[in-house]
Structures are given as structure tokens and as C-alpha cells.
$ cat work_30.csv   # CSV, C-alpha atoms
chain,number,residue,atom,x,y,z
A,417,MET,CA,95.1,137.0,142.5
A,418,ALA,CA,97.5,135.7,145.1
A,419,LYS,CA,99.0,138.1,147.7
A,420,GLN,CA,101.8,140.1,146.2
A,421,LEU,CA,105.3,138.9,147.2
A,422,CYS,CA,107.5,141.7,148.6
A,423,TYR,CA,111.2,142.2,149.2
A,424,GLU,CA,110.8,142.0,153.0
A,425,ASP,CA,109.1,138.6,152.6
A,426,VAL,CA,112.1,136.7,151.3
A,427,ASP,CA,115.3,135.7,153.0
A,428,VAL,CA,118.4,134.0,151.6
A,429,GLY,CA,117.7,130.3,151.6
A,430,ALA,CA,113.9,130.7,151.2
A,431,GLU,CA,112.2,128.4,148.8
A,432,VAL,CA,110.6,129.6,145.5
A,433,THR,CA,107.0,128.1,145.5
A,434,PRO,CA,107.5,124.9,143.5
A,435,LEU,CA,105.7,124.3,140.3
A,436,ALA,CA,104.7,120.8,139.1
A,437,LYS,CA,104.7,120.0,135.4
A,438,ILE,CA,103.9,116.9,133.3
A,439,ALA,CA,105.5,116.8,129.9
A,440,THR,CA,103.4,114.8,127.4
A,441,THR,CA,103.8,114.0,123.7
A,442,ARG,CA,100.8,116.1,123.1
A,443,MET,CA,102.3,119.0,125.0
A,444,LEU,CA,105.5,118.8,122.8
A,445,VAL,CA,103.5,119.0,119.6
A,446,GLN,CA,101.6,122.0,121.1
A,447,TRP,CA,104.9,123.6,122.1
A,448,ALA,CA,106.4,123.0,118.6
A,449,GLY,CA,103.5,124.9,117.0
A,450,ALA,CA,103.6,127.7,119.5
A,451,SER,CA,107.3,128.2,119.6
A,452,GLY,CA,108.1,127.5,116.0
A,453,ASP,CA,110.7,124.8,116.9
A,454,PHE,CA,109.8,122.0,114.5
A,455,ASN,CA,112.9,119.9,115.1
A,456,PRO,CA,111.6,116.3,114.6
A,457,LEU,CA,113.8,115.2,117.5
A,458,HIS,CA,110.8,116.2,119.7
A,459,TYR,CA,108.0,114.2,118.0
A,460,ASP,CA,109.4,111.7,115.5
A,461,GLU,CA,110.3,108.3,117.0
A,462,ASP,CA,112.5,107.1,114.1
A,463,PHE,CA,114.3,110.4,113.8
A,464,ALA,CA,114.9,110.5,117.6
A,465,LYS,CA,116.4,107.0,117.4
A,466,SER,CA,118.6,108.0,114.4
A,467,GLN,CA,119.9,110.9,116.5
A,468,GLY,CA,120.9,108.6,119.4
A,469,VAL,CA,118.5,109.9,122.0
A,470,GLY,CA,116.2,106.8,121.9
A,471,THR,CA,112.7,108.4,121.8
A,472,PRO,CA,111.6,112.0,121.3
A,473,ILE,CA,112.8,114.3,124.1
A,474,VAL,CA,111.4,117.4,125.8
A,475,HIS,CA,112.4,120.7,124.2
A,476,GLY,CA,115.0,122.5,126.3
A,477,ALA,CA,113.2,125.8,125.6
A,478,LEU,CA,110.0,124.3,127.0
A,479,LYS,CA,111.8,123.5,130.3
A,480,ARG,CA,113.2,127.0,130.2
A,481,ALA,CA,109.7,128.4,129.7
A,482,TRP,CA,108.5,126.4,132.8
A,483,LEU,CA,111.3,128.1,134.8
A,484,GLY,CA,110.0,131.4,133.5
A,485,GLN,CA,106.5,130.5,134.7
A,486,LEU,CA,108.0,129.4,138.1
A,487,MET,CA,109.6,132.8,138.5
A,488,THR,CA,106.9,135.1,137.1
A,489,GLY,CA,104.2,133.2,139.1
A,490,TRP,CA,106.3,133.6,142.3
A,491,VAL,CA,107.0,137.3,142.0
A,492,GLY,CA,103.5,138.2,141.0
A,493,GLU,CA,102.2,141.1,138.9
A,494,GLN,CA,104.2,143.8,140.7
A,495,GLY,CA,107.4,141.8,140.6
A,496,VAL,CA,109.7,141.9,137.5
A,497,LEU,CA,111.8,139.1,136.1
A,498,LYS,CA,115.0,140.7,135.0
A,499,LYS,CA,117.3,137.8,134.1
A,500,LEU,CA,116.8,134.1,133.4
A,501,PHE,CA,119.6,131.7,132.8
A,502,CYS,CA,119.5,127.9,132.3
A,503,GLN,CA,121.5,125.1,130.9
A,504,TYR,CA,120.4,121.8,129.5
A,505,ARG,CA,122.3,119.1,131.3
A,506,GLY,CA,120.0,116.1,130.9
A,507,MET,CA,117.4,114.8,128.6
A,508,ASP,CA,113.8,114.4,129.6
A,509,TYR,CA,111.2,112.1,128.0
A,510,PRO,CA,107.5,113.0,127.8
A,511,ARG,CA,104.7,110.8,129.0
A,512,LYS,CA,102.7,109.2,126.2
A,513,MET,CA,99.0,109.8,125.8
A,514,LYS,CA,96.4,107.3,127.0
A,515,THR,CA,93.4,109.2,125.7
A,516,MET,CA,93.2,112.4,123.6
A,517,GLU,CA,93.5,114.5,126.8
A,518,GLU,CA,95.0,112.2,129.5
A,519,PRO,CA,98.6,111.0,129.6
A,520,HIS,CA,99.7,107.6,131.0
A,521,GLY,CA,101.0,107.5,134.5
A,522,GLY,CA,104.7,108.3,134.9
A,523,GLU,CA,107.1,111.0,135.7
A,524,THR,CA,106.2,114.4,137.1
A,525,TRP,CA,108.7,117.2,136.8
A,526,TRP,CA,109.2,119.9,139.5
A,527,CYS,CA,110.4,123.4,138.9
A,528,LYS,CA,112.1,124.6,142.1
A,529,GLY,CA,114.2,127.4,143.3
A,530,LYS,CA,116.0,128.9,146.3
A,531,VAL,CA,116.9,132.5,147.1
A,532,SER,CA,120.7,132.8,147.0
A,533,LYS,CA,121.1,136.6,147.4
A,534,LYS,CA,119.1,139.8,148.1
A,535,TYR,CA,120.4,143.3,147.6
A,536,GLU,CA,119.6,146.8,146.6
A,537,GLU,CA,121.0,148.3,143.4
A,538,GLY,CA,120.1,151.4,141.5
A,539,GLY,CA,117.0,151.9,143.6
A,540,GLU,CA,115.7,148.4,142.9
A,541,HIS,CA,115.2,145.6,145.4
A,542,LEU,CA,116.7,142.5,143.8
A,543,VAL,CA,116.6,138.9,144.6
A,544,GLU,CA,118.8,136.2,143.0
A,545,CYS,CA,117.7,132.6,142.9
A,546,GLU,CA,119.1,129.3,142.0
A,547,ILE,CA,116.5,127.5,140.0
A,548,TRP,CA,116.1,124.2,138.3
A,549,VAL,CA,113.8,121.6,136.7
A,550,GLU,CA,114.1,118.2,138.4
A,551,ASN,CA,112.8,114.9,136.9
A,552,GLY,CA,110.9,112.1,138.6
A,553,LYS,CA,114.2,110.7,140.0
A,554,GLY,CA,115.1,114.1,141.6
A,555,GLU,CA,117.8,114.8,139.1
A,556,LYS,CA,118.4,118.4,138.1
A,557,THR,CA,118.2,118.2,134.3
A,558,THR,CA,117.9,121.9,133.8
A,559,PRO,CA,119.7,124.1,136.3
A,560,GLY,CA,119.8,127.9,136.1
A,561,ARG,CA,119.5,131.2,137.9
A,562,ALA,CA,117.1,134.1,137.9
A,563,LEU,CA,117.2,137.7,139.0
A,564,VAL,CA,114.0,139.4,140.0
A,565,ALA,CA,113.0,142.8,141.3
A,566,LEU,CA,110.4,142.9,144.1
A,567,PRO,CA,108.3,145.8,145.4
A,568,LEU,CA,108.8,147.0,149.0
A,569,ARG,CA,106.0,146.4,151.4
A,570,SER,CA,107.0,149.4,153.5
A,571,LYS,CA,106.9,151.8,150.6
A,572,GLY,CA,104.4,154.5,151.5
B,27,MET,CA,149.3,120.4,124.6
B,28,ALA,CA,149.6,122.9,121.8
B,29,GLU,CA,151.4,126.2,122.5
B,30,GLY,CA,149.7,129.5,121.9
B,31,SER,CA,146.0,130.4,121.4
B,32,ILE,CA,143.3,128.0,120.2
B,33,ILE,CA,141.5,131.0,118.9
B,34,THR,CA,142.6,131.1,115.2
B,35,GLU,CA,142.8,134.3,113.1
B,36,GLU,CA,139.7,133.0,111.2
B,37,LEU,CA,137.8,132.7,114.5
B,38,ARG,CA,138.8,136.1,115.6
B,39,LYS,CA,137.4,137.5,112.4
B,40,LEU,CA,134.0,136.1,113.2
B,41,ILE,CA,133.6,138.3,116.3
B,42,GLY,CA,130.9,140.8,115.4
B,43,VAL,CA,129.6,138.8,112.4
B,44,THR,CA,125.8,138.7,112.2
B,45,ALA,CA,123.7,135.7,111.2
B,46,GLY,CA,121.9,136.8,108.0
B,47,GLU,CA,119.7,139.9,107.9
B,48,PRO,CA,117.8,141.3,110.9
B,49,VAL,CA,114.3,139.8,111.2
B,50,THR,CA,111.3,142.0,112.0
B,51,PHE,CA,108.0,140.6,113.4
B,52,LYS,CA,104.9,141.8,115.1
B,53,VAL,CA,103.8,140.4,118.4
B,54,GLU,CA,100.2,139.1,117.9
B,55,GLU,CA,97.7,138.4,120.7
B,56,GLY,CA,96.9,134.9,119.4
B,57,ALA,CA,100.6,134.0,119.3
B,58,ILE,CA,101.0,135.1,123.0
B,59,GLN,CA,97.9,133.1,124.0
B,60,ARG,CA,99.0,129.9,122.1
B,61,TYR,CA,102.5,130.2,123.6
B,62,ALA,CA,101.2,130.6,127.2
B,63,GLN,CA,98.8,127.6,126.6
B,64,ALA,CA,101.7,125.5,125.3
B,65,ILE,CA,103.6,126.2,128.5
B,66,GLY,CA,100.5,125.6,130.6
B,67,ASP,CA,100.8,129.0,132.2
B,68,PRO,CA,97.4,130.3,133.3
B,69,ASN,CA,98.7,133.8,134.0
B,70,PRO,CA,95.8,136.1,132.9
B,71,LEU,CA,98.3,138.7,131.7
B,72,TYR,CA,99.2,136.3,128.9
B,73,ASN,CA,95.7,134.7,128.4
B,74,ASP,CA,92.9,137.1,129.1
B,75,VAL,CA,92.7,140.2,126.8
B,76,GLU,CA,90.2,142.0,129.0
B,77,TYR,CA,92.1,141.4,132.2
B,78,ALA,CA,95.4,142.5,130.7
B,79,ALA,CA,93.8,145.6,129.3
B,80,LYS,CA,92.8,146.6,132.8
B,81,SER,CA,96.2,145.8,134.3
B,82,ARG,CA,99.0,148.4,134.6
B,83,HIS,CA,100.4,147.1,131.2
B,84,GLY,CA,97.1,147.8,129.4
B,85,ARG,CA,97.5,144.9,127.0
B,86,LEU,CA,98.4,141.2,126.7
B,87,MET,CA,102.0,140.7,127.8
B,88,CYS,CA,104.6,138.3,126.5
B,89,PRO,CA,105.7,135.5,128.8
B,90,PRO,CA,109.5,135.4,129.4
B,91,GLY,CA,111.3,133.7,126.5
B,92,PHE,CA,108.4,134.4,124.1
B,93,THR,CA,110.9,135.6,121.6
B,94,GLY,CA,112.3,132.1,121.5
B,95,TRP,CA,115.7,130.6,121.5
B,96,PRO,CA,117.9,132.8,119.2
B,97,VAL,CA,117.9,130.1,116.6
B,98,LYS,CA,114.1,130.5,116.3
B,99,ALA,CA,114.0,134.3,116.4
B,100,GLY,CA,111.9,134.7,113.3
B,101,GLY,CA,114.2,132.4,111.5
B,102,VAL,CA,117.6,133.9,112.3
B,103,PRO,CA,119.9,131.1,111.5
B,104,MET,CA,122.0,130.9,114.6
B,105,PHE,CA,123.3,127.4,113.8
B,106,GLU,CA,125.0,128.8,110.7
B,107,LEU,CA,127.2,130.8,113.1
B,108,VAL,CA,127.9,127.7,115.2
B,109,GLU,CA,128.9,125.9,112.0
B,110,ALA,CA,131.0,128.8,110.9
B,111,LEU,CA,132.9,128.6,114.2
B,112,VAL,CA,133.8,125.0,113.6
B,113,LYS,CA,134.9,125.7,110.0
B,114,ALA,CA,137.1,128.5,111.3
B,115,GLY,CA,139.0,126.0,113.4
B,116,ALA,CA,137.2,125.8,116.7
B,117,PRO,CA,137.7,122.6,118.6
B,118,PRO,CA,135.0,120.1,117.3
B,119,ARG,CA,133.4,119.0,120.6
B,120,LEU,CA,130.5,121.4,121.1
B,121,LEU,CA,128.8,121.7,124.5
B,122,ASP,CA,125.8,123.8,125.4
B,123,GLY,CA,126.9,126.5,127.8
B,124,GLY,CA,123.4,127.7,128.6
B,125,ILE,CA,121.5,130.7,127.6
B,126,GLU,CA,120.8,133.9,129.6
B,127,TYR,CA,118.0,136.3,128.9
B,128,GLU,CA,118.0,139.8,130.1
B,129,PHE,CA,114.5,141.4,130.0
B,130,LEU,CA,115.0,145.1,129.7
B,131,VAL,CA,111.7,146.5,128.5
B,132,PRO,CA,108.3,144.6,128.9
B,133,MET,CA,107.0,143.2,125.6
B,134,GLY,CA,103.4,142.8,124.7
B,135,ALA,CA,100.8,142.5,121.9
B,136,GLY,CA,101.3,145.0,119.1
B,137,ASP,CA,105.0,145.5,119.6
B,138,VAL,CA,107.2,145.2,116.5
B,139,LEU,CA,110.5,143.6,117.3
B,140,THR,CA,113.6,143.4,115.2
B,141,ALA,CA,116.0,140.5,116.0
B,142,THR,CA,119.6,140.6,115.2
B,143,THR,CA,122.0,137.7,116.0
B,144,LYS,CA,125.7,138.1,116.1
B,145,VAL,CA,128.9,136.5,117.5
B,146,ALA,CA,129.4,138.7,120.5
B,147,ASP,CA,132.6,137.3,121.7
B,148,ILE,CA,135.0,134.4,121.4
B,149,VAL,CA,137.5,133.8,124.2
B,150,GLU,CA,139.9,131.2,125.4
B,151,LYS,CA,139.5,129.7,128.8
B,152,GLU,CA,141.6,127.3,130.8
B,153,GLY,CA,139.7,124.4,132.4
B,154,LYS,CA,140.7,121.3,134.3
B,155,SER,CA,141.2,119.3,131.1
B,156,GLY,CA,143.0,122.1,129.3
B,157,LYS,CA,142.1,125.0,127.1
B,158,PHE,CA,138.7,125.5,125.7
B,159,MET,CA,136.9,128.1,123.6
B,160,LEU,CA,133.8,129.9,124.8
B,161,ALA,CA,131.7,131.6,122.2
B,162,THR,CA,128.9,133.9,123.1
B,163,ILE,CA,126.2,134.4,120.5
B,164,GLU,CA,123.9,137.4,121.2
B,165,THR,CA,120.5,138.1,119.9
B,166,THR,CA,118.9,141.5,120.6
B,167,PHE,CA,115.3,142.2,120.1
B,168,VAL,CA,114.7,145.9,119.5
B,169,ASN,CA,111.2,147.3,119.8
B,170,GLN,CA,109.4,149.9,117.7
B,171,ASN,CA,110.8,152.7,119.9
B,172,GLY,CA,114.3,151.7,119.3
B,173,ASP,CA,114.8,150.2,122.7
B,174,VAL,CA,116.5,146.8,123.3
B,175,ALA,CA,113.6,144.9,124.9
B,176,VAL,CA,115.4,141.6,125.3
B,177,ARG,CA,119.0,140.4,125.0
B,178,ALA,CA,119.7,136.7,124.8
B,179,LEU,CA,123.2,135.4,125.3
B,180,ALA,CA,123.8,131.8,124.3
B,181,SER,CA,127.1,130.2,125.2
B,182,PHE,CA,128.8,127.5,123.4
B,183,ILE,CA,131.9,125.6,124.6
B,184,ASN,CA,134.2,124.0,122.1
B,185,ARG,CA,136.8,121.6,123.4
$ encode --input "work_30.csv" --output "C-alpha cells"
Amino acid sequence: MAKQLCYEDVDVGAEVTPLAKIATTRMLVQWAGASGDFNPLHYDEDFAKSQGVGTPIVHGALKRAWLGQLMTGWVGEQGVLKKLFCQYRGMDYPRKMKTMEEPHGGETWWCKGKVSKKYEEGGEHLVECEIWVENGKGEKTTPGRALVALPLRSKG
Amino acid sequence: MAEGSIITEELRKLIGVTAGEPVTFKVEEGAIQRYAQAIGDPNPLYNDVEYAAKSRHGRLMCPPGFTGWPVKAGGVPMFELVEALVKAGAPPRLLDGGIEYEFLVPMGAGDVLTATTKVADIVEKEGKSGKFMLATIETTFVNQNGDVAVRALASFINR
């Protein structure tokens, strides 16, 4: 496991370790099954066209789950994700598959974040972050916030 | 612009209304693993039963958001509430106001959760382009000990 992140390690303005993601049509089908969201908007070309989005779009909840991974990965096992907020501002389109396992070339999404505040409350050491998913053009399609509690390094 | 409140009496009556009956479901190991795989999250606390058993949690844990968007919380029909808002006179242009999760108690394999979705609040706000309505739909997931494990607040803006 990676070294545990501690409250003393982060300052306002610090970057959350970025996480790269590639949405593929295959991943959206897998997500539909795992999450139980079977809206055909996310896998049926004709239906997506009839709904005015062109082609199937990435589930908002999948992008939110990526942001969850961004934060839980960053805070490590001794850190606690307390709040997660996000908003769906822009649509994202998955890469199509070239082989059963490999997608075609194309967009890579980045989940990113920045520390906006750190404070103590109720005996906890809390860190608030602005977080977002950005598409291949650098547009923040899914902005949000997260609140985490981190352990103290100096705690004896 | 119209005088008075855009929150009609019918809308006010919807505050506190729940969407259908509460739904109870058990958190299964396989469901957690498939969820983590679908995200592409290799965290062993979600994927590796033996590793998780030796961790401070003692079992596979749920990734954040495992309980789903309220609409999918074991089939709680949140969209019925959103439709009810429009029928009760809410302005027709619906915008996603985002969703906030509060994680209060860790959730893991074996937990039995009961999800209840309700209209938590409907308020009027004043924006640059006039009045709008902000509805908050809350889903709580209560575990087998009676503790609220997760609270999800979805906001809808009607203009």
C-alpha cells in the first residue's frame, strides 16, 4: 500500500493526485449491470439519437464513482471520505471498442482536485477539496466537492 | 414577473412525501466486487475478501456511492417525485442541481440497508433571471443497527 496521507501533509491549494480514466462502450455496459441503471441512453444508439444526445453518453453516476475513487485513493485506508458532491454539467461520450478488450484511440478523462480548506472540527482533521472530471479538451464536465477526514502524523 | 410565491399550495403539500415504500436490501460481496470492477477501482478493500477481512474493517467495504443514485436505490421511484412536482405546478424547466452524499457509517458486505426517499424541502430562490424553485430529494440508507449510514441529497432546480 502507498504511504498514508496525513493532515500535516496537505496545504490549501495542494493537488489531489490525479486519476486517469477511459470510458468505453464496454465499461458503460459493465456499469449498467453493476449499478442497476439500465437506461438505454447509455448503450442504445437509436434511443440516444431519439433523446437528442446523438450517441450513448457516459452515466453521470459512473463519473461520480470515479470522483469517489479519486478521493478514497488519495486519502488511503486511514482517511475517511465524509461528503461527496457533484453536478453533471456536460455530456461525455465513451470510446468505442476495437477488440473485445481494447478501445479505439481517443479521449482520456482526468479526475482532479485541489484542497480548498483545512480545519479541525469535533476532534476531526478535515480537508475540503474542489474536485472535477475533465474531458479530453480540458472541460470540467462534472464539477464537485469532497470533504475528507485525515489522520494526524503527530498523534502519539 | 408574477407576484407572490412560485411555490403553490400543492407543492407545499409534497414536502415530506415519500416515494413508494421503503426498500430493504442486503449488501452482497459479489455486488461490491462487480461495482468496484465496473468503476475500475483496484482498492483491495472492495475487491479482495481476504485482504479486507484482515483490515480494520474486517470485511469487504462498499465504495462510496455503492447505494446508487437515489433513483436506483433498490427501485425507489425518485422520478415519480420529480413528476409529481411538475404536476403540482413547479416551473417546467428542470435542471440538475447536483447530488451530495454524506457518508455517516461505513457500509460493507452483510449489511442490511433500508432506503427511504422523500421530498425533503421545496424552497423559492431568487436568481439573476428571476425566481426559481429548488427541490431537495433525500434518500436515507439505514443499516441493520438503525443508524443512518448514508444520506443522499439530490437537488432539482425548476425555472
$ closest_residue --input "work_30.csv" --among "B:Gly42, B:Gly84, B:Pro70, B:Pro117" --to "chain A" --atoms "only C-alpha atoms"
B:Pro70
$ interface_residues --input "work_30.csv" --of "chain B" --to "chain A" --cutoff "8 Å" --atoms "all atoms listed in the file" --output "list in words"
Ala57, Arg60, Tyr61, Ala64, Ile65, Asp67, Asn69, Pro89, Pro90, Gly91, Phe92, Gly94, Trp95, Lys98, Asp122, Gly123, Gly124, Ile125, Glu126, Tyr127, Glu128, Phe129 and Leu130 of chain B
$ write_last_selection --input "work_30.csv" --atoms "C-alpha atoms" --output "PDB file, in the coordinates of the input"
ATOM      1  CA  ALA B  57     100.600 134.000 119.300  1.00  0.00           C
ATOM      2  CA  ARG B  60      99.000 129.900 122.100  1.00  0.00           C
ATOM      3  CA  TYR B  61     102.500 130.200 123.600  1.00  0.00           C
ATOM      4  CA  ALA B  64     101.700 125.500 125.300  1.00  0.00           C
ATOM      5  CA  ILE B  65     103.600 126.200 128.500  1.00  0.00           C
ATOM      6  CA  ASP B  67     100.800 129.000 132.200  1.00  0.00           C
ATOM      7  CA  ASN B  69      98.700 133.800 134.000  1.00  0.00           C
ATOM      8  CA  PRO B  89     105.700 135.500 128.800  1.00  0.00           C
ATOM      9  CA  PRO B  90     109.500 135.400 129.400  1.00  0.00           C
ATOM     10  CA  GLY B  91     111.300 133.700 126.500  1.00  0.00           C
ATOM     11  CA  PHE B  92     108.400 134.400 124.100  1.00  0.00           C
ATOM     12  CA  GLY B  94     112.300 132.100 121.500  1.00  0.00           C
ATOM     13  CA  TRP B  95     115.700 130.600 121.500  1.00  0.00           C
ATOM     14  CA  LYS B  98     114.100 130.500 116.300  1.00  0.00           C
ATOM     15  CA  ASP B 122     125.800 123.800 125.400  1.00  0.00           C
ATOM     16  CA  GLY B 123     126.900 126.500 127.800  1.00  0.00           C
ATOM     17  CA  GLY B 124     123.400 127.700 128.600  1.00  0.00           C
ATOM     18  CA  ILE B 125     121.500 130.700 127.600  1.00  0.00           C
ATOM     19  CA  GLU B 126     120.800 133.900 129.600  1.00  0.00           C
ATOM     20  CA  TYR B 127     118.000 136.300 128.900  1.00  0.00           C
ATOM     21  CA  GLU B 128     118.000 139.800 130.100  1.00  0.00           C
ATOM     22  CA  PHE B 129     114.500 141.400 130.000  1.00  0.00           C
ATOM     23  CA  LEU B 130     115.000 145.100 129.700  1.00  0.00           C
TER      24      LEU B 130
END
$ atom_distance --input "work_30.csv" --atom1 "atom CA of Asn169 of chain B" --atom2 "atom CA of Cys88 of chain B"
13.0 Å
$ residues_near_point --input "work_30.csv" --point "(104.1, 140.9, 145.1)" --cutoff "8 Å" --atoms "all atoms listed in the file" --output "list in words"
Lys419, Gln420, Leu421, Cys422, Val491, Gly492, Glu493, Gln494, Gly495, Leu566 and Pro567 of chain A
$ closest_residue --input "work_30.csv" --among "B:Arg177, B:Lys157, B:Lys151, B:Arg185" --to "Thr93 of chain B" --atoms "all atoms listed in the file"
B:Arg177
$ atom_distance --input "work_30.csv" --atom1 "atom CA of Ile183 of chain B" --atom2 "atom CA of Met507 of chain A"
18.5 Å
$ residues_near_point --input "work_30.csv" --point "(111.5, 109.5, 122.1)" --cutoff "9 Å" --atoms "all atoms listed in the file" --output "PyMOL selection string"
chain A and resi 457-465+469-474+509-510
$ atom_distance --input "work_30.csv" --atom1 "atom CA of Arg119 of chain B" --atom2 "atom CA of Glu164 of chain B"
20.7 Å
$ residues_around --input "work_30.csv" --residues "Leu40 of chain B" --least-positions-apart "4" --cutoff "10 Å" --atoms "only C-alpha atoms" --output "PDB file with C-alpha atoms, in the coordinates of the input"
ATOM      1  CA  GLU B  35     142.800 134.300 113.100  1.00  0.00           C
ATOM      2  CA  GLU B  36     139.700 133.000 111.200  1.00  0.00           C
ATOM      3  CA  THR B  44     125.800 138.700 112.200  1.00  0.00           C
ATOM      4  CA  LEU B 107     127.200 130.800 113.100  1.00  0.00           C
ATOM      5  CA  ALA B 110     131.000 128.800 110.900  1.00  0.00           C
ATOM      6  CA  LEU B 111     132.900 128.600 114.200  1.00  0.00           C
ATOM      7  CA  ALA B 114     137.100 128.500 111.300  1.00  0.00           C
ATOM      8  CA  LYS B 144     125.700 138.100 116.100  1.00  0.00           C
ATOM      9  CA  VAL B 145     128.900 136.500 117.500  1.00  0.00           C
ATOM     10  CA  ALA B 146     129.400 138.700 120.500  1.00  0.00           C
ATOM     11  CA  ASP B 147     132.600 137.300 121.700  1.00  0.00           C
ATOM     12  CA  ILE B 148     135.000 134.400 121.400  1.00  0.00           C
TER      13      ILE B 148
END
$ closest_residue --input "work_30.csv" --among "B:Gly115, B:Glu106, B:Gln63, B:Gly172" --to "Lys39 of chain B" --atoms "all atoms listed in the file"
B:Gly115
$ residues_around --input "work_30.csv" --residues "His541 of chain A" --least-positions-apart "4" --cutoff "7 Å" --atoms "all atoms listed in the file" --output "NGL selection string"
:A and (423 or 535-537 or 565-567)
$ closest_residue --input "work_30.csv" --among "B:Thr166, B:Thr34, B:Gln59, B:Ser81" --to "Leu139 of chain B" --atoms "only C-alpha atoms"
B:Thr166
$ build_atoms --input "work_30.csv" --residues "segment 108-134 of chain B" --atoms "N, CA and C atoms" --output "compact mmCIF listing (two decimals), keeping the file's coordinate frame"
# COMPACT_ATOMS: atom_id res chain seq x y z
N VAL B 108 127.23 128.82 114.43
CA VAL B 108 127.90 127.70 115.20
C VAL B 108 128.75 126.91 114.18
N GLU B 109 128.18 126.62 113.02
CA GLU B 109 128.90 125.90 112.00
C GLU B 109 130.13 126.65 111.52
N ALA B 110 129.94 127.96 111.38
CA ALA B 110 131.00 128.80 110.90
C ALA B 110 132.21 128.76 111.91
N LEU B 111 131.87 128.66 113.18
CA LEU B 111 132.90 128.60 114.20
C LEU B 111 133.79 127.35 114.01
N VAL B 112 133.12 126.24 113.77
CA VAL B 112 133.80 125.00 113.60
C VAL B 112 134.70 125.02 112.33
N LYS B 113 134.12 125.58 111.26
CA LYS B 113 134.90 125.70 110.00
C LYS B 113 136.10 126.59 110.18
N ALA B 114 136.01 127.56 111.08
CA ALA B 114 137.10 128.50 111.30
C ALA B 114 138.15 127.93 112.26
N GLY B 115 137.99 126.67 112.63
CA GLY B 115 139.00 126.00 113.40
C GLY B 115 138.74 125.84 114.89
N ALA B 116 137.49 126.04 115.30
CA ALA B 116 137.20 125.80 116.70
C ALA B 116 137.26 124.33 117.02
N PRO B 117 137.66 123.99 118.25
CA PRO B 117 137.70 122.60 118.60
C PRO B 117 136.32 121.94 118.35
N PRO B 118 136.28 120.71 117.85
CA PRO B 118 135.00 120.10 117.30
C PRO B 118 133.99 119.74 118.38
N ARG B 119 134.40 119.50 119.61
CA ARG B 119 133.40 119.00 120.60
C ARG B 119 132.62 120.18 121.14
N LEU B 120 131.35 120.23 120.76
CA LEU B 120 130.50 121.40 121.10
C LEU B 120 129.62 121.03 122.32
N LEU B 121 129.66 121.88 123.31
CA LEU B 121 128.80 121.70 124.50
C LEU B 121 127.94 122.92 124.68
N ASP B 122 126.73 122.69 125.15
CA ASP B 122 125.80 123.80 125.40
C ASP B 122 126.26 124.48 126.71
N GLY B 123 126.52 125.76 126.61
CA GLY B 123 126.90 126.50 127.80
C GLY B 123 125.78 127.22 128.47
N GLY B 124 124.60 127.02 127.95
CA GLY B 124 123.40 127.70 128.60
C GLY B 124 123.06 128.95 127.85
N ILE B 125 121.93 129.47 128.24
CA ILE B 125 121.50 130.70 127.60
C ILE B 125 120.94 131.63 128.73
N GLU B 126 121.29 132.89 128.60
CA GLU B 126 120.80 133.90 129.60
C GLU B 126 119.98 134.93 128.85
N TYR B 127 118.83 135.18 129.42
CA TYR B 127 118.00 136.30 128.90
C TYR B 127 118.04 137.44 129.86
N GLU B 128 118.15 138.62 129.28
CA GLU B 128 118.00 139.80 130.10
C GLU B 128 116.74 140.52 129.54
N PHE B 129 115.80 140.73 130.44
CA PHE B 129 114.50 141.40 130.00
C PHE B 129 114.62 142.84 130.43
N LEU B 130 114.72 143.71 129.44
CA LEU B 130 115.00 145.10 129.70
C LEU B 130 113.75 145.99 129.64
N VAL B 131 112.91 145.72 128.68
CA VAL B 131 111.70 146.50 128.50
C VAL B 131 110.54 145.46 128.32
N PRO B 132 109.43 145.60 129.06
CA PRO B 132 108.30 144.60 128.90
C PRO B 132 107.85 144.59 127.44
N MET B 133 107.51 143.39 126.99
CA MET B 133 107.00 143.20 125.60
C MET B 133 105.57 142.75 125.67
N GLY B 134 104.79 143.23 124.73
CA GLY B 134 103.40 142.80 124.70
C GLY B 134 102.82 142.88 123.31
